[in-house]
Each structure stands twice: as C-alpha cells, then as structure tokens.
$ cat my_file.cif   # mmCIF, C-alpha atoms and all ligand atoms
data_run
loop_
_atom_site.group_PDB
_atom_site.id
_atom_site.type_symbol
_atom_site.label_atom_id
_atom_site.label_comp_id
_atom_site.auth_asym_id
_atom_site.auth_seq_id
_atom_site.Cartn_x
_atom_site.Cartn_y
_atom_site.Cartn_z
ATOM 1 C CA MET A 1 -1.915 -10.451 19.058
ATOM 2 C CA ALA A 2 -1.113 -7.246 17.131
ATOM 3 C CA ILE A 3 -1.528 -7.450 13.343
ATOM 4 C CA ILE A 4 1.486 -5.125 12.992
ATOM 5 C CA SER A 5 4.173 -4.989 15.626
ATOM 6 C CA VAL A 6 7.192 -2.713 15.201
ATOM 7 C CA SER A 7 9.981 -2.798 17.719
ATOM 8 C CA ASN A 8 12.958 -0.398 17.978
ATOM 9 C CA LEU A 9 13.039 0.220 14.235
ATOM 10 C CA SER A 10 15.803 2.410 12.803
ATOM 11 C CA TYR A 11 16.858 3.241 9.270
ATOM 12 C CA GLU A 12 19.385 5.647 7.815
ATOM 13 C CA TYR A 13 19.749 6.261 4.057
ATOM 14 C CA SER A 14 23.337 5.620 3.002
ATOM 15 C CA ASN A 15 23.806 9.157 1.635
ATOM 16 C CA SER A 16 22.447 10.786 4.774
ATOM 17 C CA ASP A 17 23.914 11.880 8.094
ATOM 18 C CA ARG A 18 20.797 11.337 10.233
ATOM 19 C CA LYS A 19 18.338 8.518 10.779
ATOM 20 C CA ALA A 20 15.116 8.808 8.780
ATOM 21 C CA VAL A 21 13.466 6.420 11.273
ATOM 22 C CA ASP A 22 14.954 6.463 14.761
ATOM 23 C CA ASP A 23 14.041 3.797 17.334
ATOM 24 C CA VAL A 24 10.343 3.549 16.495
ATOM 25 C CA SER A 25 8.074 1.036 18.265
ATOM 26 C CA PHE A 26 4.310 0.544 18.050
ATOM 27 C CA ASP A 27 1.592 -2.108 17.841
ATOM 28 C CA ILE A 28 -1.506 -1.999 15.661
ATOM 29 C CA GLU A 29 -4.425 -4.285 16.454
ATOM 30 C CA GLN A 30 -6.551 -6.001 13.815
ATOM 31 C CA GLY A 31 -9.466 -3.762 12.810
ATOM 32 C CA ASP A 32 -7.709 -0.536 13.840
ATOM 33 C CA TRP A 33 -7.389 2.502 11.571
ATOM 34 C CA VAL A 34 -4.224 4.364 12.471
ATOM 35 C CA ALA A 35 -2.964 7.666 11.054
ATOM 36 C CA ILE A 36 0.708 8.543 11.339
ATOM 37 C CA VAL A 37 1.074 12.308 11.273
ATOM 38 C CA GLY A 38 4.300 14.294 10.946
ATOM 39 C CA HIS A 39 6.136 17.061 9.066
ATOM 40 C CA ASN A 40 7.520 16.598 5.574
ATOM 41 C CA GLY A 41 10.692 14.596 5.953
ATOM 42 C CA SER A 42 9.789 13.117 9.328
ATOM 43 C CA GLY A 43 10.050 9.551 7.992
ATOM 44 C CA LYS A 44 6.453 8.468 7.261
ATOM 45 C CA SER A 45 7.144 7.179 3.738
ATOM 46 C CA THR A 46 10.361 5.522 4.893
ATOM 47 C CA LEU A 47 8.427 3.710 7.632
ATOM 48 C CA ALA A 48 5.808 2.567 5.094
ATOM 49 C CA LYS A 49 8.546 1.194 2.794
ATOM 50 C CA LEU A 50 10.212 -0.616 5.671
ATOM 51 C CA LEU A 51 6.889 -2.225 6.590
ATOM 52 C CA ILE A 52 6.630 -3.947 3.202
ATOM 53 C CA GLY A 53 10.323 -4.766 3.082
ATOM 54 C CA LEU A 54 11.321 -2.454 0.219
ATOM 55 C CA MET A 55 14.416 -1.714 2.284
ATOM 56 C CA ALA A 56 15.869 -3.620 5.193
ATOM 57 C CA ALA A 57 15.921 -1.874 8.559
ATOM 58 C CA ASP A 58 19.305 -1.182 10.186
ATOM 59 C CA GLU A 59 17.933 -2.155 13.570
ATOM 60 C CA GLY A 60 14.709 -3.470 15.054
ATOM 61 C CA THR A 61 12.024 -5.924 14.014
ATOM 62 C CA ILE A 62 8.742 -5.837 12.133
ATOM 63 C CA THR A 63 6.169 -8.573 12.688
ATOM 64 C CA ILE A 64 3.115 -8.695 10.434
ATOM 65 C CA ASP A 65 0.249 -11.054 11.151
ATOM 66 C CA GLY A 66 2.540 -13.219 13.271
ATOM 67 C CA LEU A 67 5.321 -13.367 10.679
ATOM 68 C CA GLU A 68 8.634 -11.604 11.303
ATOM 69 C CA LEU A 69 9.778 -9.667 8.239
ATOM 70 C CA THR A 70 12.995 -11.175 6.854
ATOM 71 C CA GLU A 71 14.425 -11.847 3.388
ATOM 72 C CA GLU A 72 12.690 -15.243 3.538
ATOM 73 C CA THR A 73 9.240 -13.950 4.527
ATOM 74 C CA VAL A 74 9.089 -10.718 2.533
ATOM 75 C CA TRP A 75 6.954 -12.161 -0.307
ATOM 76 C CA ASP A 76 4.525 -13.835 2.099
ATOM 77 C CA ILE A 77 4.205 -10.558 3.955
ATOM 78 C CA ARG A 78 3.521 -8.586 0.772
ATOM 79 C CA GLU A 79 0.620 -10.975 0.106
ATOM 80 C CA LYS A 80 -0.997 -9.643 3.258
ATOM 81 C CA VAL A 81 -0.335 -5.956 2.688
ATOM 82 C CA GLY A 82 -1.698 -3.612 0.056
ATOM 83 C CA MET A 83 0.088 -0.283 -0.304
ATOM 84 C CA VAL A 84 -0.766 2.893 -2.204
ATOM 85 C CA PHE A 85 2.429 4.881 -2.641
ATOM 86 C CA GLN A 86 2.664 8.621 -2.197
ATOM 87 C CA ASN A 87 3.469 8.908 -5.898
ATOM 88 C CA PRO A 88 1.363 6.249 -7.643
ATOM 89 C CA ASP A 89 3.023 6.934 -11.024
ATOM 90 C CA ASN A 90 5.644 4.418 -9.908
ATOM 91 C CA GLN A 91 2.967 1.841 -9.382
ATOM 92 C CA PHE A 92 1.142 1.710 -12.753
ATOM 93 C CA VAL A 93 1.719 -1.240 -15.021
ATOM 94 C CA GLY A 94 -1.461 -1.615 -17.095
ATOM 95 C CA ALA A 95 -2.235 -0.003 -20.471
ATOM 96 C CA THR A 96 -5.744 0.791 -19.273
ATOM 97 C CA VAL A 97 -7.254 1.528 -15.898
ATOM 98 C CA ALA A 98 -9.013 -1.873 -15.983
ATOM 99 C CA ASP A 99 -5.745 -3.737 -16.716
ATOM 100 C CA ASP A 100 -4.085 -1.884 -13.957
ATOM 101 C CA VAL A 101 -6.719 -2.668 -11.346
ATOM 102 C CA ALA A 102 -6.614 -6.337 -12.433
ATOM 103 C CA PHE A 103 -2.817 -6.622 -12.205
ATOM 104 C CA GLY A 104 -2.628 -7.626 -8.550
ATOM 105 C CA MET A 105 -5.370 -10.205 -9.074
ATOM 106 C CA GLU A 106 -3.608 -11.666 -12.133
ATOM 107 C CA ASN A 107 -0.542 -12.153 -9.960
ATOM 108 C CA ARG A 108 -2.731 -14.078 -7.543
ATOM 109 C CA GLN A 109 -4.239 -16.156 -10.358
ATOM 110 C CA MET A 110 -7.893 -15.371 -9.784
ATOM 111 C CA ASP A 111 -10.416 -16.511 -12.347
ATOM 112 C CA ARG A 112 -11.514 -14.100 -15.100
ATOM 113 C CA ALA A 113 -15.145 -13.722 -14.008
ATOM 114 C CA THR A 114 -14.171 -12.837 -10.423
ATOM 115 C CA MET A 115 -11.561 -10.418 -11.745
ATOM 116 C CA ARG A 116 -14.048 -8.616 -13.981
ATOM 117 C CA GLU A 117 -16.556 -8.360 -11.165
ATOM 118 C CA ARG A 118 -13.973 -7.014 -8.730
ATOM 119 C CA VAL A 119 -12.560 -4.477 -11.207
ATOM 120 C CA THR A 120 -16.062 -3.050 -11.673
ATOM 121 C CA SER A 121 -16.818 -3.071 -7.976
ATOM 122 C CA ALA A 122 -13.480 -1.520 -6.936
ATOM 123 C CA LEU A 123 -13.658 1.225 -9.596
ATOM 124 C CA THR A 124 -17.232 1.988 -8.536
ATOM 125 C CA GLN A 125 -16.113 2.353 -4.912
ATOM 126 C CA VAL A 126 -13.519 4.972 -5.853
ATOM 127 C CA ASP A 127 -15.846 6.667 -8.388
ATOM 128 C CA MET A 128 -13.600 5.869 -11.355
ATOM 129 C CA LEU A 129 -15.706 3.422 -13.371
ATOM 130 C CA ASP A 130 -16.154 5.999 -16.161
ATOM 131 C CA TYR A 131 -12.382 5.839 -16.709
ATOM 132 C CA VAL A 132 -12.148 2.051 -17.042
ATOM 133 C CA ASP A 133 -10.705 2.147 -20.604
ATOM 134 C CA ARG A 134 -8.469 5.191 -20.120
ATOM 135 C CA GLU A 135 -4.696 5.213 -19.981
ATOM 136 C CA PRO A 136 -3.520 5.543 -16.328
ATOM 137 C CA ALA A 137 -0.651 7.886 -17.280
ATOM 138 C CA LYS A 138 -3.127 10.502 -18.537
ATOM 139 C CA LEU A 139 -5.112 10.796 -15.314
ATOM 140 C CA SER A 140 -4.720 13.544 -12.727
ATOM 141 C CA GLY A 141 -2.730 12.866 -9.546
ATOM 142 C CA GLY A 142 -5.842 12.287 -7.429
ATOM 143 C CA GLN A 143 -7.408 10.052 -10.082
ATOM 144 C CA LYS A 144 -4.189 7.991 -10.200
ATOM 145 C CA GLN A 145 -4.330 7.513 -6.449
ATOM 146 C CA ARG A 146 -7.933 6.374 -6.686
ATOM 147 C CA VAL A 147 -7.060 3.838 -9.400
ATOM 148 C CA ALA A 148 -4.119 2.578 -7.320
ATOM 149 C CA LEU A 149 -6.513 2.262 -4.407
ATOM 150 C CA ALA A 150 -8.990 0.308 -6.550
ATOM 151 C CA GLY A 151 -6.228 -2.184 -7.397
ATOM 152 C CA ILE A 152 -5.735 -2.772 -3.697
ATOM 153 C CA ILE A 153 -9.427 -2.896 -2.816
ATOM 154 C CA ALA A 154 -9.793 -5.580 -5.516
ATOM 155 C CA ILE A 155 -7.249 -7.843 -3.817
ATOM 156 C CA VAL A 156 -8.939 -7.471 -0.429
ATOM 157 C CA SER A 157 -5.655 -7.423 1.494
ATOM 158 C CA LYS A 158 -5.684 -7.920 5.212
ATOM 159 C CA ILE A 159 -3.665 -4.743 5.737
ATOM 160 C CA LEU A 160 -3.871 -1.492 3.833
ATOM 161 C CA ILE A 161 -1.112 1.129 3.924
ATOM 162 C CA LEU A 162 -1.991 4.459 2.325
ATOM 163 C CA ASP A 163 0.912 6.889 1.974
ATOM 164 C CA GLU A 164 -0.862 10.249 1.746
ATOM 165 C CA ALA A 165 -3.587 8.609 -0.306
ATOM 166 C CA PRO A 166 -7.211 9.805 -0.210
ATOM 167 C CA VAL A 167 -8.298 7.950 2.891
ATOM 168 C CA CYS A 168 -11.865 9.236 2.575
ATOM 169 C CA TRP A 169 -12.496 6.880 -0.355
ATOM 170 C CA ILE A 170 -11.583 3.922 1.763
ATOM 171 C CA LEU A 171 -13.292 5.043 4.948
ATOM 172 C CA ARG A 172 -16.568 5.233 3.089
ATOM 173 C CA ASP A 173 -16.313 1.488 2.585
ATOM 174 C CA ALA A 174 -14.348 0.620 5.699
ATOM 175 C CA ALA A 175 -17.091 -1.693 6.881
ATOM 176 C CA LYS A 176 -15.992 -4.167 4.201
ATOM 177 C CA TYR A 177 -12.591 -4.690 5.842
HETATM 178 N N1 LIG B 201 15.860 7.891 -1.221
HETATM 179 C C1 LIG B 201 16.327 8.680 -0.238
HETATM 180 N N2 LIG B 201 17.647 8.892 -0.092
HETATM 181 C C2 LIG B 201 18.135 9.675 0.900
HETATM 182 N N3 LIG B 201 17.370 10.278 1.813
HETATM 183 C C3 LIG B 201 16.051 10.104 1.710
HETATM 184 C C4 LIG B 201 15.449 9.305 0.690
HETATM 185 N N4 LIG B 201 14.105 9.316 0.842
HETATM 186 C C5 LIG B 201 13.872 10.085 1.922
HETATM 187 N N5 LIG B 201 15.025 10.566 2.444
HETATM 188 C C6 LIG B 201 15.185 11.402 3.659
HETATM 189 O O1 LIG B 201 14.666 10.689 4.766
HETATM 190 C C7 LIG B 201 13.919 11.534 5.607
HETATM 191 C C8 LIG B 201 12.483 10.996 5.732
HETATM 192 O O2 LIG B 201 11.821 11.124 4.477
HETATM 193 P P1 LIG B 201 10.373 10.522 4.200
HETATM 194 O O3 LIG B 201 10.296 9.181 4.802
HETATM 195 O O4 LIG B 201 10.111 10.653 2.744
HETATM 196 O O5 LIG B 201 9.464 11.537 5.051
HETATM 197 P P2 LIG B 201 7.881 11.850 4.952
HETATM 198 O O6 LIG B 201 7.235 10.778 4.139
HETATM 199 O O7 LIG B 201 7.446 11.901 6.375
HETATM 200 O O8 LIG B 201 7.794 13.205 4.301
HETATM 201 C C9 LIG B 201 14.015 12.936 5.010
HETATM 202 O O9 LIG B 201 15.066 13.596 5.662
HETATM 203 C C10 LIG B 201 14.356 12.672 3.573
HETATM 204 O O10 LIG B 201 15.086 13.723 3.020
HETATM 205 MG MG MG B 202 6.034 10.823 2.481
#
$ encode --input "my_file.cif" --output "structure tokens"
Amino acid sequence: MAIISVSNLSYEYSNSDRKAVDDVSFDIEQGDWVAIVGHNGSGKSTLAKLLIGLMAADEGTITIDGLELTEETVWDIREKVGMVFQNPDNQFVGATVADDVAFGMENRQMDRATMRERVTSALTQVDMLDYVDREPAKLSGGQKQRVALAGIIAIVSKILILDEAPVCWILRDAAKY
C-alpha cells in the first residue's frame, strides 16, 4: 500500500483564473524519496499545502498512510507528516532556536529529558548546535530552514515534505528514516 496516494487532485485559488494543481495523480511508496520538479508557479507549494490539508482540494482525494484526508482526519494526518515550508519565517514560534526545535515535541507531550536529547541531536544533524540559544528571527534564510528541519527531525515523522528546503542535510541522515 502506498504511504501517499493522490488521485485526480485539482485546486484553483479563488482569485485566479487557472488551476494551480490540475488533475494530478501519483503514489509514493514507504521508504521512497521523491523530488517534484517544475518551474516557478507550476504548483509545487500548492500541492504540498494540499497534502497536509492547509486548503481543501476542489476535486480528487489524498490518502496518507491509509487515511483519507478529510476535515475529520486532518489532525491525525498532520501527526504523520512533517513539513518544512518554502519560507520558514512563517513557521517559527520559539524565542530561541532550542525552544523552536522543541515546539513540535511539546505539542506531543514528550518528557523533558527526551526533548533535550532530541534537540541536541537534531541541531547537530543540521550543523546548528552552536546557535541553540540564538533568536530564530535573526538567522539567515538557510539557517532558518535548517532549524525548521531540526524541529521536524526531532519529531521523527513518518513522512517528510520539504518545500525547497536543503534536502542535502536530510539525505546525509536518511538512513535513520
Ligand atoms: N495564495 C495564492 N493566491 C492566489 N494564487 C496563488 C497563491 N499562491 C500561489 N498562487 C498561484 O498558484 C500557482 C502555483 O503556485 P505555487 O504552488 O506557489 O508554485 P511553485 O511552488 O511551483 O512555485 C501560481 O500561478 C501562483 O501564482
Ligand atoms: Mg513553491
């Protein structure tokens, strides 16, 4: 069974006159690494947002790990998926890099010792441990993406969606997934 199954997916922004995603279907198997390549404006970010239910598709279905994405299942599905957005500024919540990396784990009510261990390990994997006490807003764009990635590595999601994020950092440790 595919871990992600997309069938005849379409989406058009309300202020637009053409579909951003037009009748897209694909399956991704567990353990696969898949890159979606296309011009600026070809709908990659829109597809990523549809996959985690940030917007509802006009047509088609998305099934993640056996669960069809609906209003009822969206929170269960987000538990399975970690996403680094194209612009991670929108994704920072912590006052320090450490707080930020821990945020997803706090939501999942992990114990403190595990959280501390995972923050250190995740920041080490993305080469950002030296910045642990810094303010996320004052980092460079690439550093922000690495911190966002650390937050996701720390949760150990089943599925990782990286929207133009530095895939090399992850691939180096892909064996862990
Ligand atoms: N919030 C939005 N409102 C209206 N149109 C949008 C919005 N975001 C993206 N679009 C349009 O949808 C299309 C796909 O954009 P996007 O998914 O961001 O492409 P990509 O990530 O491949 O560059 C583009 O034509 C873009 O202008
Ligand atoms: Mg994009």
$ residues_near_ligand --input "my_file.cif" --ligand "ligand LIG 201 (chain B)" --cutoff "7 Å" --atoms "all atoms listed in the file" --output "PyMOL selection string"
chain A and resi 13-16+20+38-47
$ atom_distance --input "my_file.cif" --atom1 "CA of Ser140 in chain A" --atom2 "CA of Asn87 in chain A"
11.6 Å
$ closest_residue --input "my_file.cif" --among "A:Asp100, A:Asp22, A:Glu164, A:Asp32" --to "Gly151 in chain A" --atoms "all atoms listed in the file"
A:Asp100
$ closest_residue --input "my_file.cif" --among "A:Gly66, A:Ser157, A:Met1, A:Thr124" --to "Lys80 in chain A" --atoms "all atoms listed in the file"
A:Ser157
$ atom_distance --input "my_file.cif" --atom1 "CA of Glu135 in chain A" --atom2 "CA of Ala113 in chain A"
22.4 Å
$ residues_near_point --input "my_file.cif" --point "(0.6, 1.4, 5.5)" --cutoff "8 Å" --atoms "all atoms listed in the file" --output "PyMOL selection string"
chain A and resi 48+51+81-84+159-163
$ residues_near_point --input "my_file.cif" --point "(-3.6, 3.3, -18.9)" --cutoff "7 Å" --atoms "all atoms listed in the file" --output "ChimeraX atom specification"
/A:94-97,134-137
$ atom_distance --input "my_file.cif" --atom1 "CA of Trp75 in chain A" --atom2 "CA of Ala35 in chain A"
24.9 Å
$ build_atoms --input "my_file.cif" --residues "range 30-44 of chain A" --atoms "N, CA, C and O atoms" --output "compact mmCIF listing (two decimals), keeping the file's coordinate frame"
# COMPACT_ATOMS: atom_id res chain seq x y z
N GLN A 30 -5.67 -5.70 14.95
CA GLN A 30 -6.55 -6.00 13.82
C GLN A 30 -7.83 -5.17 13.93
O GLN A 30 -8.40 -5.04 15.01
N GLY A 31 -8.25 -4.57 12.82
CA GLY A 31 -9.47 -3.76 12.81
C GLY A 31 -9.23 -2.29 13.10
O GLY A 31 -10.11 -1.47 12.90
N ASP A 32 -8.01 -1.94 13.55
CA ASP A 32 -7.71 -0.54 13.84
C ASP A 32 -7.45 0.24 12.56
O ASP A 32 -6.92 -0.29 11.59
N TRP A 33 -7.79 1.54 12.60
CA TRP A 33 -7.39 2.50 11.57
C TRP A 33 -6.46 3.47 12.25
O TRP A 33 -6.86 4.13 13.20
N VAL A 34 -5.22 3.54 11.80
CA VAL A 34 -4.22 4.36 12.47
C VAL A 34 -3.66 5.37 11.48
O VAL A 34 -3.29 5.01 10.37
N ALA A 35 -3.60 6.64 11.89
CA ALA A 35 -2.96 7.67 11.05
C ALA A 35 -1.63 8.04 11.68
O ALA A 35 -1.56 8.26 12.90
N ILE A 36 -0.60 8.08 10.87
CA ILE A 36 0.71 8.54 11.34
C ILE A 36 0.92 9.95 10.77
O ILE A 36 0.92 10.13 9.55
N VAL A 37 1.04 10.90 11.67
CA VAL A 37 1.07 12.31 11.27
C VAL A 37 2.45 12.88 11.59
O VAL A 37 3.01 12.59 12.64
N GLY A 38 3.00 13.67 10.67
CA GLY A 38 4.30 14.29 10.95
C GLY A 38 4.67 15.24 9.82
O GLY A 38 4.09 15.19 8.74
N HIS A 39 5.67 16.10 10.08
CA HIS A 39 6.14 17.06 9.07
C HIS A 39 6.63 16.34 7.81
O HIS A 39 6.97 15.16 7.88
N ASN A 40 6.79 17.10 6.73
CA ASN A 40 7.52 16.60 5.57
C ASN A 40 8.91 16.19 6.03
O ASN A 40 9.56 16.95 6.76
N GLY A 41 9.33 15.03 5.62
CA GLY A 41 10.69 14.60 5.95
C GLY A 41 10.81 13.94 7.32
O GLY A 41 11.92 13.62 7.76
N SER A 42 9.69 13.71 7.99
CA SER A 42 9.79 13.12 9.33
C SER A 42 9.88 11.59 9.29
O SER A 42 10.04 10.97 10.34
N GLY A 43 9.78 10.99 8.10
CA GLY A 43 10.05 9.55 7.99
C GLY A 43 8.83 8.67 7.77
O GLY A 43 8.93 7.44 7.83
N LYS A 44 7.68 9.27 7.45
CA LYS A 44 6.45 8.47 7.26
C LYS A 44 6.57 7.52 6.07
O LYS A 44 6.26 6.32 6.18
